[in-house]
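First the structure, in the form of structure tokens, and then the observations on it.
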Amino acid sequence: MPLWLKQYRRQNLSADLTAALVSGMLLVPQGLAYALLAGLPPHIGLYASLLPLIAYAIFGSSSAMAVGPAAVLSLMTLSALSSVAPVGSPEYIAAAIMLTLLSGLFLFAMGLLKLGAFSNLLSHPVINGFVSGAAALIIVGQLPALLGIEAEGDTASIKLLHVIQHLPEAHLPTMLFGVLTALTLVVSRIWLPMLLFRLGAPKQIARLTARLMPMLLVLCAIAVVHWLAFADKLEVVGDIPAGLPAVTVPELDWNLIYRVMLPALIIALLGFVESHSIAQALATRRRERLNADGELLGLGAANIASAFSGGLPVAGSFSRTAVNAEAGAASPLAGVFAALLMIPILLFLTGLFSDLPLTVLAAIIIVAAAGLFDFKGFIHNWRYDRTDGLAMLFTFLGVLLFGVEVGIALGIGLSFATLIWRSSRPHIAVVGRVPGTEHFRNVLRHEVETRKELLFLRIDESLFFSNISAVEDRLLSELKRHPGTRHLVLILSSVSRIDGTALERLQQINKELKTRDISLHLAEVKGPVLDRLSRSKLLEQLSGRIFLSSYIAELALQKDSEQPSPSGEAT
């Protein structure tokens, strides 16, 4: 039994029921829209909104995260499977189910192996760049359905150019329905909460009403199409089979498994990273603890359940999670109630959505995707750290120009390249003692005291094969700038590890300094680092000593009572 269920309080029941009703109303249009975005029949999006929610509630750890079809995962599904089988064919549907199953198995296995640290696989700038790029692809891909245009092109730029060129050929009723829906959604998102609040509605109710506008527009569009008999003039969803999904084990096709295994792993990792970010933000706001391994198990179980019920890959949803939290969801039971709400819809109400225009779903997808752009994040990253800003920009351009797979590969590569680049250029500071204290600070930032024969260098990074050359070059350059040095003290307070390559180079540096009649000393060495050094020959061959602190080193190494002279200036 899940821990949250053992500790469940009856007074939370009404809040969970209310949240289920509210978020369930958003689940229907998004399920239909994201299934079409993935190249699948719309009812499969509804199937993915039933058992996965229950499975996540059993294994997941977030109190209010809403799991289900997601725009980015649907785009990745289409990108991964478009070369496997014709879009919408039975073979394509079978490939989507296998893709979902493998993604779930990967996630569940990672949860069993306690690999929750994979939530830190990609930096947030790279994730934001990928999501923004995917949002652009989604918008461009939905423009033909929004405007009633047949668009061609393998890349987003070619497809966008084709749409612009054929804009005069747009189908007028389709374009009017789509554009009006999109404008209504944008206006309701920006101004409706403020208007309702000024009219006296509670702030929470005003926000929820704006977020539920997609479902209201879906019902209005269906009513208009039915009332004006527009079903023959517009492309509509068409017949949706009534009934609950059949729970079956997907047939194992080893050739298909081989072809979709890598995309399944990528979808699993990206879905987890995105979902964990959503759940972590929610947990921080609610002052709750989030179990990353539990999230892996929950998402894995949700995707396995989706595959067994003929669905598509699922993950945490930004919009539905926000609605769920604002509606007062107190536990994962809200997700269970939302899933149960889908049962009467699948049994009795699927015919209601047969007259839903595809242009309305395209408008819903476009407005939802537009909300994924992170312009503020790019500006912030560019101002704070140009490296992060460039990583975000190149990931965005990679997705936009070369596709999802290349964009993901570029993002992962940039994450690791950024990490290696930063760690290979460690910050090294020449330090001196602040007058009247035992503290040593950077001579470029503080007014400090130094001695001609002593050179203190603080290394602010662990030492390993990729940065030891840069450290050695800096040491030698500082010795040239301080020709009177007789004692070189390396302050290792920020060094947590020294690998084998760095150890060998330190031994060589020690030997070279000996030939120059310069003693090498170490100060403030961490215990684990000292333990490893004690198993090497460095400490035996060290020309100097090891000191507990920089101040003790200065006292022990000063050869005379010469008055210290100021050498650093405050900057």
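Chain identifiers are assigned as A, B, and so on, following the order in which chains appear in the structure tokens; residues are numbered from 1 within each chain, and ligands are numbered from 1 in order of appearance.
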* Could you give me the residues within stretch 309-523 of chain A that DSSP places in strand (DSSP E or B), as a ChimeraX atom specification? => /A:315-316,357,428-433,440-442,449-450,454-459,463,487-491,498,519-523
* To do: Give the helix (DSSP H, G or I) residues of stretch 42-83 of chain A, as assigned by DSSP on the backbone, as a ChimeraX atom specification.
  => /A:42-47,51-59,71-81
Output of the above residues as an mmCIF file, in the first residue's frame, restricted to C-alpha atoms:
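Ended up saving to out_31.cif:
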```cif
data_model
loop_
_atom_site.group_PDB
_atom_site.id
_atom_site.type_symbol
_atom_site.label_atom_id
_atom_site.label_comp_id
_atom_site.auth_asym_id
_atom_site.auth_seq_id
_atom_site.Cartn_x
_atom_site.Cartn_y
_atom_site.Cartn_z
ATOM 1 C CA PRO A 42 -7.335 10.644 -30.892
ATOM 2 C CA HIS A 43 -8.911 7.998 -28.663
ATOM 3 C CA ILE A 44 -5.449 6.645 -27.817
ATOM 4 C CA GLY A 45 -4.809 9.892 -25.946
ATOM 5 C CA LEU A 46 -7.870 9.126 -23.829
ATOM 6 C CA TYR A 47 -6.603 5.584 -23.197
ATOM 7 C CA LEU A 51 -4.564 3.430 -16.170
ATOM 8 C CA PRO A 52 -1.314 5.481 -16.193
ATOM 9 C CA LEU A 53 -2.773 7.884 -13.627
ATOM 10 C CA ILE A 54 -3.629 5.000 -11.287
ATOM 11 C CA ALA A 55 -0.228 3.370 -11.758
ATOM 12 C CA TYR A 56 1.581 6.621 -10.942
ATOM 13 C CA ALA A 57 -0.532 7.109 -7.817
ATOM 14 C CA ILE A 58 0.616 3.698 -6.546
ATOM 15 C CA PHE A 59 4.349 4.151 -7.137
ATOM 16 C CA ALA A 71 3.259 17.785 -26.029
ATOM 17 C CA VAL A 72 7.029 17.270 -26.170
ATOM 18 C CA LEU A 73 6.819 13.488 -25.758
ATOM 19 C CA SER A 74 4.140 13.318 -28.459
ATOM 20 C CA LEU A 75 6.408 15.220 -30.844
ATOM 21 C CA MET A 76 9.298 12.873 -29.980
ATOM 22 C CA THR A 77 7.045 9.871 -30.597
ATOM 23 C CA LEU A 78 6.161 11.149 -34.063
ATOM 24 C CA SER A 79 9.809 11.902 -34.818
ATOM 25 C CA ALA A 80 10.968 8.464 -33.648
ATOM 26 C CA LEU A 81 8.311 6.407 -35.423
#
```
Using only C-alpha atoms, tabulate the residues of stretch 100-217 of chain A lying at most 9 Å from any atom of stretch 234-240 of chain A, each with its closest atom pair and that distance in Å to one decimal, by chain and increasing residue number, as a tab-separated table.
```
residue	atom	partner	partner_atom	distance
A:Ala145	CA	A:Glu235	CA	8.8
A:Gly148	CA	A:Glu235	CA	8.5
A:His171	CA	A:Leu234	CA	8.9
A:Pro173	CA	A:Leu234	CA	7.2
A:Thr174	CA	A:Leu234	CA	6.2
```
* Which of these, A:Gly432, A:Pro214, A:Gly544, A:Gly310, has the shortest distance to A:His487 once you count only C-alpha atoms? ->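 Result for the nearest residue to A:His487: A:Gly544.
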* If you count only C-alpha atoms, which residues fall within 12 Å of A:Ile164, apart from same-chain ones fewer than 3 positions away, as number ranges by chain? -> A: 140, 143-144, 147, 149-152, 157-161, 167-170
* **Two-atom distance - atom CA of A:Ala242, atom CA of A:Thr350 (Å)** => 5.8 Å
* What separation in Å, quoted to one decimal, exists between atom CA of A:Leu475 and atom CA of A:Ala556? ->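 Distance between the two atoms: 21.8 Å.
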* Structure fact -> In terms of only C-alpha atoms, the residue from A:Leu347, A:Leu530, A:Val323, A:Ile379 at minimal distance from A:Leu282 is A:Val323
* Asked: Hey, which of A:Val336, A:Leu455, A:Ala292, A:Ile408 ends up closest to A:Asn120? Count only C-alpha atoms.
  ->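 Under the stated criterion, the closest residue is A:Ala292.
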* Asked: Neighbours of stretch 389-395 of chain A within 10 Å (only C-alpha atoms; same-chain residues fewer than 2 positions away dropped), as a PyMOL selection string?
  -> chain A and resi 123-133+377-387+397-401+404+406-415+417-418
Would you mind listing, for every residue of stretch 315-338 of chain A within 9 Å of stretch 19-25 of chain A, the two atoms forming the shortest contact and the distance between them in Å to one decimal, using only C-alpha atoms, sorted by chain and ascending residue number, as CSV?
```
residue,atom,partner,partner_atom,distance
A:Arg320,CA,A:Ser23,CA,6.0
A:Thr321,CA,A:Ser23,CA,8.1
A:Val323,CA,A:Ser23,CA,6.0
A:Asn324,CA,A:Ala19,CA,5.4
A:Ala325,CA,A:Ala19,CA,7.6
A:Glu326,CA,A:Ala19,CA,8.0
A:Ala327,CA,A:Ala19,CA,4.7
A:Gly328,CA,A:Ala19,CA,5.9
A:Ala329,CA,A:Ala19,CA,5.2
A:Ala330,CA,A:Ala19,CA,8.7
A:Leu333,CA,A:Ala20,CA,8.5
A:Ala334,CA,A:Ala20,CA,4.9
A:Gly335,CA,A:Ala20,CA,6.3
A:Val336,CA,A:Ala20,CA,7.9
A:Phe337,CA,A:Ala20,CA,5.5
A:Ala338,CA,A:Ala20,CA,4.5
```
Go ahead and write the selection's residues with N, CA and C atoms as a JSON list (two decimals), in the first residue's frame.
```json
[["chain", "number", "residue", "atom", "x", "y", "z"],
["A", 320, "ARG", "N", -1.53, 20.73, -16.52],
["A", 320, "ARG", "CA", -2.46, 19.97, -15.67],
["A", 320, "ARG", "C", -1.97, 19.91, -14.23],
["A", 321, "THR", "N", -0.66, 19.87, -14.04],
["A", 321, "THR", "CA", -0.14, 19.88, -12.66],
["A", 321, "THR", "C", -0.48, 21.20, -11.98],
["A", 323, "VAL", "N", -3.02, 23.17, -12.69],
["A", 323, "VAL", "CA", -4.45, 23.14, -12.41],
["A", 323, "VAL", "C", -4.76, 22.25, -11.22],
["A", 324, "ASN", "N", -4.12, 21.09, -11.18],
["A", 324, "ASN", "CA", -4.34, 20.15, -10.08],
["A", 324, "ASN", "C", -3.98, 20.77, -8.74],
["A", 325, "ALA", "N", -2.83, 21.44, -8.70],
["A", 325, "ALA", "CA", -2.38, 22.06, -7.45],
["A", 325, "ALA", "C", -3.28, 23.22, -7.05],
["A", 326, "GLU", "N", -3.64, 24.07, -8.02],
["A", 326, "GLU", "CA", -4.49, 25.22, -7.71],
["A", 326, "GLU", "C", -5.88, 24.79, -7.27],
["A", 327, "ALA", "N", -6.34, 23.62, -7.78],
["A", 327, "ALA", "CA", -7.66, 23.13, -7.39],
["A", 327, "ALA", "C", -7.65, 22.50, -6.01],
["A", 328, "GLY", "N", -6.46, 22.39, -5.40],
["A", 328, "GLY", "CA", -6.38, 21.92, -4.02],
["A", 328, "GLY", "C", -6.07, 20.45, -3.85],
["A", 329, "ALA", "N", -5.51, 19.79, -4.86],
["A", 329, "ALA", "CA", -5.18, 18.36, -4.74],
["A", 329, "ALA", "C", -4.26, 18.15, -3.54],
["A", 330, "ALA", "N", -4.65, 17.25, -2.66],
["A", 330, "ALA", "CA", -3.88, 17.01, -1.44],
["A", 330, "ALA", "C", -3.07, 15.72, -1.50],
["A", 333, "LEU", "N", -4.50, 10.68, -4.78],
["A", 333, "LEU", "CA", -5.86, 10.18, -4.98],
["A", 333, "LEU", "C", -6.63, 11.06, -5.97],
["A", 334, "ALA", "N", -6.23, 12.32, -6.09],
["A", 334, "ALA", "CA", -6.87, 13.20, -7.08],
["A", 334, "ALA", "C", -6.64, 12.65, -8.48],
["A", 335, "GLY", "N", -5.45, 12.11, -8.75],
["A", 335, "GLY", "CA", -5.18, 11.49, -10.04],
["A", 335, "GLY", "C", -6.01, 10.24, -10.27],
["A", 336, "VAL", "N", -6.21, 9.46, -9.21],
["A", 336, "VAL", "CA", -7.04, 8.27, -9.32],
["A", 336, "VAL", "C", -8.48, 8.66, -9.66],
["A", 337, "PHE", "N", -9.00, 9.67, -8.99],
["A", 337, "PHE", "CA", -10.36, 10.13, -9.28],
["A", 337, "PHE", "C", -10.47, 10.66, -10.71],
["A", 338, "ALA", "N", -9.44, 11.38, -11.17],
["A", 338, "ALA", "CA", -9.45, 11.89, -12.54],
["A", 338, "ALA", "C", -9.48, 10.74, -13.55]]
```
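Minimum distance to A:Leu217 across A:Ala38, A:Leu356, A:Ile257, A:Leu105 (counting only C-alpha atoms) occurs at A:Leu356.
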* Structure fact -> Shortest contact to A:Ser496, candidates A:Arg207, A:Arg481, A:Arg474, A:Arg532, atoms counted only C-alpha atoms, goes to A:Arg532
* To do: Please identify all polymer residues within 10 Å of A:Ser89, counting only C-alpha atoms, omitting same-chain residues fewer than 4 positions from it, and present them as a list in words.
  =>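 These residues fall inside the cut-off: Gly39, Leu40, Pro41, Ala85, Ile93, Ala94 and Ala95 of chain A.
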* To do: Please measure the separation of atom CA of A:Ser462 and atom CA of A:Ser494, giving the value in Å to one decimal.
  =>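 Computed distance, atom CA of A:Ser462 to atom CA of A:Ser494, equals 7.0 Å.
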* Show which residues sit within 8 Å of stretch 466-470 of chain A, as number ranges by chain. Count only C-alpha atoms, and ignore same-chain residues fewer than 6 positions away. => A: 420, 423-426, 501-502, 505
File of the preceding selection, N, CA and C atoms, as a compact mmCIF listing (two decimals), in the first residue's frame:
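See out08.txt below for the written result:
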```
# COMPACT_ATOMS: atom_id res chain seq x y z
N ILE A 420 32.98 19.75 -18.68
CA ILE A 420 34.41 19.51 -18.87
C ILE A 420 35.15 20.83 -19.05
N SER A 423 35.45 22.57 -15.61
CA SER A 423 36.36 21.90 -14.68
C SER A 423 37.79 21.88 -15.19
N SER A 424 37.99 22.01 -16.51
CA SER A 424 39.35 22.01 -17.05
C SER A 424 40.02 23.36 -16.92
N ARG A 425 39.29 24.35 -16.48
CA ARG A 425 39.84 25.70 -16.27
C ARG A 425 39.55 26.13 -14.84
N PRO A 426 40.19 25.49 -13.89
CA PRO A 426 39.89 25.78 -12.48
C PRO A 426 40.32 27.18 -12.09
N THR A 501 46.31 10.68 -12.71
CA THR A 501 47.07 11.55 -13.62
C THR A 501 47.53 12.81 -12.90
N ALA A 502 46.64 13.42 -12.13
CA ALA A 502 47.01 14.63 -11.39
C ALA A 502 48.08 14.32 -10.35
N ARG A 505 51.49 14.22 -12.04
CA ARG A 505 51.97 15.55 -12.38
C ARG A 505 52.41 16.33 -11.15
```
